[in-house]
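*Asks:* Following this message is one structure expressed as structure tokens.
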Number of protein chains: 2
Amino acid sequence: MTQVRPMRADARRNYERLLKAAAEAFAEHGENASLDDIAKRAGVGSGTLYRHFPTRQALLEAAYVDRIEALGLRADEIARELPPGEALIEWLYEVCVGTIEVRGLKTLLGSAVTDGSSAAVTACGTFMKDAAGRLVGAAQKEGTLRPDLEPVDVLRLAHGISTASELADGRGAHIRRYLLLLTEGLRP
Amino acid sequence: MTQVRPMRADARRNYERLLKAAAEAFAEHGENASLDDIAKRAGVGSGTLYRHFPTRQALLEAAYVDRIEALGLRADEIARELPPGEALIEWLYEVCVGTIEVRGLKTLLGSAVTDGSSAAVTACGTFMKDAAGRLVGAAQKEGTLRPDLEPVDVLRLAHGISTASELADGRGAHIRRYLLLLTEGLRP
DNA sequence: CATTAAACGGAGACAGTCCCCGCTTTCTGT
DNA sequence: ACAGAAAGCGGGGACTGTCTCCGTTTAATG
């Protein structure tokens, strides 16, 4: 996975700069921030940007992997604090909040749970699916979650909840309620 | 609501042509189809397009109002065929299928249930909310739907289900199942 | 150092959005 | 029927963003 030959010093430096600039720009202007502008912020030519990150997706992913890893770790942390059923819901809540607060993370997580994505994005997806899998498995074992649910289903539904909440107010104010409706069902 | 002075004949003609071209283009290339290209297809200058439809949203709406009206009518049709609880679900299913099959309709319906949209989009939204309101009210009266649900909540959640299904396979194959999970809840 | 291959950068081709304003067409009153 | 007014047309062009190509620079290596 790692490069055979280590990266050249200037390449590594530019890579880091781009990442920093990208995170800033995405946070500021959303996932459609101008790529040439990101290159400019980083003080490199646009060619350099496109060499390191061939697609917007690739850059988006690289800029937010740490966030995703944090979410994955958070899963186990929560699992230690709460009973399995509640832990899953709480984690999904945090995932939803993340996708709404950090503009750009949503797109990335979305394609991470999409069938037939690129290899790079798949790595992200696997990480999330594994984290979800642990919580889902525990809740199912406990008997508080339907046994026919796959981790990826849960992630996709959470993504749907994010979307619904976003429609409601652009902030995350409705996440808790919509997540509750999902877990409890729409019947009285 | 109608113009004080009726539209000039050429204006009306161009308006219709644009609408037809737009529906084609959106269906073919998705909601981001080139607007200048739509103008070209319609055989008018781009200035004419932008005069009639100041924003992409406006054009999108105009091109798909009939679809939305059809969905609204479908609500009452289904209400006559099925008991209230089932009718709501079936209608939501058809709404979801529509948003996935007809590229562009999803964005429109999305902004129709968003707080703080333009007046024009609001008209669309009101129509859908009214239709949903009738089904939701009936189901609540029957006792098969939580009484604390607003029609707009249901529409937003349906939108979320569409998003989740889209992630799954790009087609609508998962809609039924995800809709069932929403109505039944995630518990066993 | 000298060599060499990796990496850089930014000009420029291309595509999309949207406005501006001189020209054309329709409508109106006589 | 026709002249004048006003509504409407259209496409040129400014602007922004994407992405590639290739001559130049720079780090690594013996």
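Following the order of the structure tokens, chains are lettered A, B, ..., residues in each are numbered from 1, and ligands are numbered from 1.
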Which neighbours of range 75-81 of chain A fall inside 12 Å, counting only C-alpha atoms (C1' of nucleotides), when residues of the same chain fewer than 3 positions from it are skipped, and could you give them as a ChimeraX atom specification?

*Replies:* /A:68-72,84-95,127-139

*Asks:* Selection from above, N, CA, C and O atoms, as a compact mmCIF listing (two decimals), in the first residue's frame, can you write it?

*Replies:*
```
# COMPACT_ATOMS: atom_id res chain seq x y z
N ILE A 68 -13.14 10.58 9.80
CA ILE A 68 -13.78 9.28 9.69
C ILE A 68 -13.18 8.32 10.70
O ILE A 68 -13.90 7.56 11.36
N GLU A 69 -11.87 8.38 10.83
CA GLU A 69 -11.23 7.51 11.81
C GLU A 69 -11.71 7.85 13.22
O GLU A 69 -11.97 6.97 14.03
N ALA A 70 -11.86 9.14 13.47
CA ALA A 70 -12.36 9.56 14.78
C ALA A 70 -13.74 8.98 15.04
O ALA A 70 -14.03 8.49 16.14
N LEU A 71 -14.59 8.99 14.02
CA LEU A 71 -15.93 8.42 14.17
C LEU A 71 -15.86 6.93 14.47
O LEU A 71 -16.60 6.41 15.30
N GLY A 72 -14.93 6.26 13.78
CA GLY A 72 -14.78 4.84 14.01
C GLY A 72 -14.36 4.54 15.45
O GLY A 72 -14.92 3.64 16.10
N PRO A 84 -25.71 -1.96 24.35
CA PRO A 84 -25.60 -2.06 22.89
C PRO A 84 -26.65 -1.28 22.09
O PRO A 84 -26.29 -0.55 21.18
N GLY A 85 -27.92 -1.45 22.41
CA GLY A 85 -28.97 -0.80 21.63
C GLY A 85 -28.81 0.71 21.65
O GLY A 85 -28.78 1.37 20.61
N GLU A 86 -28.66 1.25 22.85
CA GLU A 86 -28.50 2.70 22.98
C GLU A 86 -27.21 3.19 22.33
O GLU A 86 -27.16 4.28 21.77
N ALA A 87 -26.17 2.37 22.47
CA ALA A 87 -24.87 2.76 21.91
C ALA A 87 -24.98 2.99 20.41
O ALA A 87 -24.49 4.00 19.88
N LEU A 88 -25.65 2.08 19.72
CA LEU A 88 -25.80 2.22 18.27
C LEU A 88 -26.48 3.54 17.92
O LEU A 88 -26.01 4.29 17.06
N ILE A 89 -27.60 3.80 18.59
CA ILE A 89 -28.35 5.03 18.30
C ILE A 89 -27.49 6.27 18.57
O ILE A 89 -27.44 7.19 17.76
N GLU A 90 -26.81 6.26 19.70
CA GLU A 90 -25.98 7.41 20.04
C GLU A 90 -24.89 7.63 18.99
O GLU A 90 -24.62 8.75 18.57
N TRP A 91 -24.30 6.52 18.55
CA TRP A 91 -23.25 6.64 17.54
C TRP A 91 -23.83 7.18 16.24
O TRP A 91 -23.26 8.08 15.64
N LEU A 92 -24.96 6.65 15.82
CA LEU A 92 -25.60 7.14 14.59
C LEU A 92 -25.89 8.62 14.71
O LEU A 92 -25.72 9.39 13.76
N TYR A 93 -26.29 9.03 15.91
CA TYR A 93 -26.55 10.45 16.12
C TYR A 93 -25.29 11.26 15.86
O TYR A 93 -25.31 12.27 15.15
N GLU A 94 -24.18 10.80 16.40
CA GLU A 94 -22.93 11.54 16.20
C GLU A 94 -22.49 11.54 14.74
O GLU A 94 -21.94 12.53 14.25
N VAL A 95 -22.72 10.42 14.08
CA VAL A 95 -22.40 10.37 12.66
C VAL A 95 -23.23 11.40 11.90
O VAL A 95 -22.70 12.17 11.08
N PHE A 127 -13.86 0.94 6.74
CA PHE A 127 -13.59 1.37 8.11
C PHE A 127 -14.90 1.66 8.84
O PHE A 127 -15.14 1.20 9.97
N MET A 128 -15.78 2.41 8.18
CA MET A 128 -17.07 2.76 8.77
C MET A 128 -17.95 1.52 8.95
O MET A 128 -18.62 1.35 9.97
N LYS A 129 -17.94 0.66 7.94
CA LYS A 129 -18.78 -0.53 8.02
C LYS A 129 -18.33 -1.44 9.15
O LYS A 129 -19.15 -2.07 9.82
N ASP A 130 -17.02 -1.51 9.36
CA ASP A 130 -16.52 -2.33 10.45
C ASP A 130 -16.99 -1.78 11.80
O ASP A 130 -17.46 -2.52 12.66
N ALA A 131 -16.83 -0.46 11.93
CA ALA A 131 -17.26 0.17 13.19
C ALA A 131 -18.75 -0.08 13.41
O ALA A 131 -19.18 -0.51 14.50
N ALA A 132 -19.54 0.17 12.37
CA ALA A 132 -20.98 -0.06 12.47
C ALA A 132 -21.27 -1.52 12.78
O ALA A 132 -22.13 -1.84 13.60
N GLY A 133 -20.51 -2.39 12.13
CA GLY A 133 -20.72 -3.82 12.31
C GLY A 133 -20.60 -4.25 13.77
O GLY A 133 -21.38 -5.08 14.24
N ARG A 134 -19.64 -3.69 14.46
CA ARG A 134 -19.45 -4.06 15.87
C ARG A 134 -20.67 -3.67 16.70
O ARG A 134 -21.18 -4.46 17.51
N LEU A 135 -21.15 -2.45 16.49
CA LEU A 135 -22.31 -1.99 17.27
C LEU A 135 -23.58 -2.74 16.87
O LEU A 135 -24.39 -3.12 17.73
N VAL A 136 -23.74 -2.94 15.58
CA VAL A 136 -24.93 -3.65 15.08
C VAL A 136 -24.94 -5.08 15.63
O VAL A 136 -25.97 -5.56 16.14
N GLY A 137 -23.80 -5.73 15.52
CA GLY A 137 -23.70 -7.11 16.01
C GLY A 137 -24.07 -7.22 17.48
O GLY A 137 -24.86 -8.09 17.87
N ALA A 138 -23.53 -6.31 18.28
CA ALA A 138 -23.79 -6.35 19.72
C ALA A 138 -25.27 -6.15 20.02
O ALA A 138 -25.86 -6.87 20.84
N ALA A 139 -25.88 -5.19 19.33
CA ALA A 139 -27.30 -4.90 19.57
C ALA A 139 -28.17 -6.07 19.14
O ALA A 139 -29.16 -6.39 19.80
```

*Asks:* Residues of chain B were defined as contacting chain A if any atom lay at most 10 Å from it, counting only C-alpha atoms; please report them as a PyMOL selection string.

*Replies:* chain B and resi 85+110-116+139-140+143-149+152-170+174+178-188

*Asks:* Counting only C-alpha atoms (C1' of nucleotides), which of C:DC27, C:DT4, C:DG9, C:DC14 gets nearest to chain A?

*Replies:*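 Of C:DC27, C:DT4, C:DG9, C:DC14, the one nearest chain A, counting only C-alpha atoms (C1' of nucleotides), is C:DG9.
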
*Asks:* Which of these, B:Gly43, B:Arg56, B:Leu18, B:Phe26, has the shortest distance to chain C once you count only C-alpha atoms (C1' of nucleotides)?

*Replies:* B:Arg56

*Asks:* Counting only C-alpha atoms (C1' of nucleotides), which residues from chain D have an atom at most 12 Å from any atom of chain A, and could you show them as a list in words?

*Replies:* DT16, DG17, DT18, DC19, DT20, DC21, DC22, DT25, DT26, DA27 and DA28 of chain D

*Asks:* Would you put the residues from that selection into a file with N, CA, C and O atoms (P, O5', C5', C4', C3', O3' and C1' of nucleotides), as a short mmCIF file (atom, residue, chain, number, x, y, z; two decimals), in the first residue's frame?

*Replies:*
```cif
data_model
loop_
_atom_site.label_atom_id
_atom_site.label_comp_id
_atom_site.auth_asym_id
_atom_site.auth_seq_id
_atom_site.Cartn_x
_atom_site.Cartn_y
_atom_site.Cartn_z
P DT D 16 -14.52 36.25 -12.13
"O5'" DT D 16 -14.92 34.76 -11.85
"C5'" DT D 16 -16.32 34.40 -11.72
"C4'" DT D 16 -16.42 32.89 -11.81
"C3'" DT D 16 -15.26 32.16 -11.14
"O3'" DT D 16 -15.79 31.15 -10.30
"C1'" DT D 16 -15.53 31.37 -13.34
P DG D 17 -14.83 30.41 -9.26
"O5'" DG D 17 -14.67 28.96 -9.91
"C5'" DG D 17 -15.82 28.14 -10.05
"C4'" DG D 17 -15.50 26.99 -10.95
"C3'" DG D 17 -14.26 26.19 -10.54
"O3'" DG D 17 -14.62 24.82 -10.33
"C1'" DG D 17 -14.21 26.72 -12.85
P DT D 18 -13.53 23.74 -9.93
"O5'" DT D 18 -13.26 23.00 -11.31
"C5'" DT D 18 -14.34 22.42 -12.02
"C4'" DT D 18 -13.81 21.69 -13.22
"C3'" DT D 18 -12.69 20.69 -12.92
"O3'" DT D 18 -12.98 19.50 -13.65
"C1'" DT D 18 -11.97 22.21 -14.57
P DC D 19 -12.25 18.15 -13.17
"O5'" DC D 19 -11.03 18.08 -14.18
"C5'" DC D 19 -11.32 18.18 -15.57
"C4'" DC D 19 -10.02 18.38 -16.32
"C3'" DC D 19 -8.84 17.53 -15.83
"O3'" DC D 19 -8.29 16.91 -16.96
"C1'" DC D 19 -8.19 19.75 -16.13
P DT D 20 -7.22 15.75 -16.90
"O5'" DT D 20 -6.32 16.04 -18.19
"C5'" DT D 20 -6.88 16.84 -19.24
"C4'" DT D 20 -5.76 17.46 -20.06
"C3'" DT D 20 -4.45 16.68 -20.06
"O3'" DT D 20 -3.88 16.81 -21.36
"C1'" DT D 20 -4.05 18.86 -19.29
P DC D 21 -2.86 15.72 -21.90
"O5'" DC D 21 -1.94 16.64 -22.83
"C5'" DC D 21 -2.34 17.99 -23.07
"C4'" DC D 21 -1.11 18.89 -23.09
"C3'" DC D 21 0.23 18.18 -23.26
"O3'" DC D 21 0.99 18.91 -24.21
"C1'" DC D 21 0.29 19.50 -21.31
P DC D 22 2.18 18.20 -24.98
"O5'" DC D 22 3.42 19.02 -24.45
"C5'" DC D 22 3.35 20.45 -24.40
"C4'" DC D 22 4.44 20.97 -23.48
"C3'" DC D 22 5.76 20.20 -23.56
"O3'" DC D 22 6.82 21.13 -23.44
"C1'" DC D 22 5.03 20.24 -21.35
P DT D 25 14.01 27.26 -14.92
"O5'" DT D 25 13.70 26.37 -13.65
"C5'" DT D 25 12.52 26.62 -12.88
"C4'" DT D 25 12.41 25.58 -11.80
"C3'" DT D 25 13.58 25.53 -10.81
"O3'" DT D 25 13.02 25.66 -9.52
"C1'" DT D 25 13.05 23.36 -11.60
P DT D 26 13.96 25.75 -8.24
"O5'" DT D 26 13.98 24.26 -7.74
"C5'" DT D 26 12.74 23.59 -7.50
"C4'" DT D 26 13.05 22.19 -7.01
"C3'" DT D 26 14.24 22.11 -6.05
"O3'" DT D 26 13.83 21.31 -4.97
"C1'" DT D 26 14.50 20.56 -7.79
P DA D 27 14.62 21.36 -3.56
"O5'" DA D 27 14.75 19.81 -3.28
"C5'" DA D 27 13.54 19.06 -3.21
"C4'" DA D 27 13.83 17.61 -3.52
"C3'" DA D 27 14.78 16.92 -2.55
"O3'" DA D 27 14.21 15.67 -2.25
"C1'" DA D 27 15.60 16.69 -4.74
P DA D 28 14.80 14.78 -1.09
"O5'" DA D 28 15.65 13.73 -1.89
"C5'" DA D 28 14.98 12.61 -2.45
"C4'" DA D 28 15.92 11.88 -3.38
"C3'" DA D 28 17.02 11.06 -2.68
"O3'" DA D 28 16.85 9.73 -3.10
"C1'" DA D 28 17.91 12.38 -4.45
#
```

*Asks:* Please return, as an MDAnalysis selection string, all residues of range 78-143 of chain B that DSSP assigns to alpha helix (DSSP H) on the basis of the backbone.

*Replies:* chainID B and resid 78:81 84:101 105:112 119:142

*Asks:* Name the closest residue to chain C among the candidates B:Leu19, B:Arg177, B:Ala63, B:Asn32; distances are taken between atoms, counting only C-alpha atoms (C1' of nucleotides).

*Replies:*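 Going through B:Leu19, B:Arg177, B:Ala63, B:Asn32 one by one, the smallest distance to chain C is for B:Asn32.
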
*Asks:* What is the CA of Lys20 in chain B to CA of Arg171 in chain B distance in Å?

*Replies:*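 Spanning CA of Lys20 in chain B to CA of Arg171 in chain B is a straight-line distance of 25.0 Å.
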
*Asks:* Between CA of Lys40 in chain A and CA of Pro6 in chain A, what is the spacing in Å?

*Replies:*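 These atoms are spaced 25.6 Å apart.
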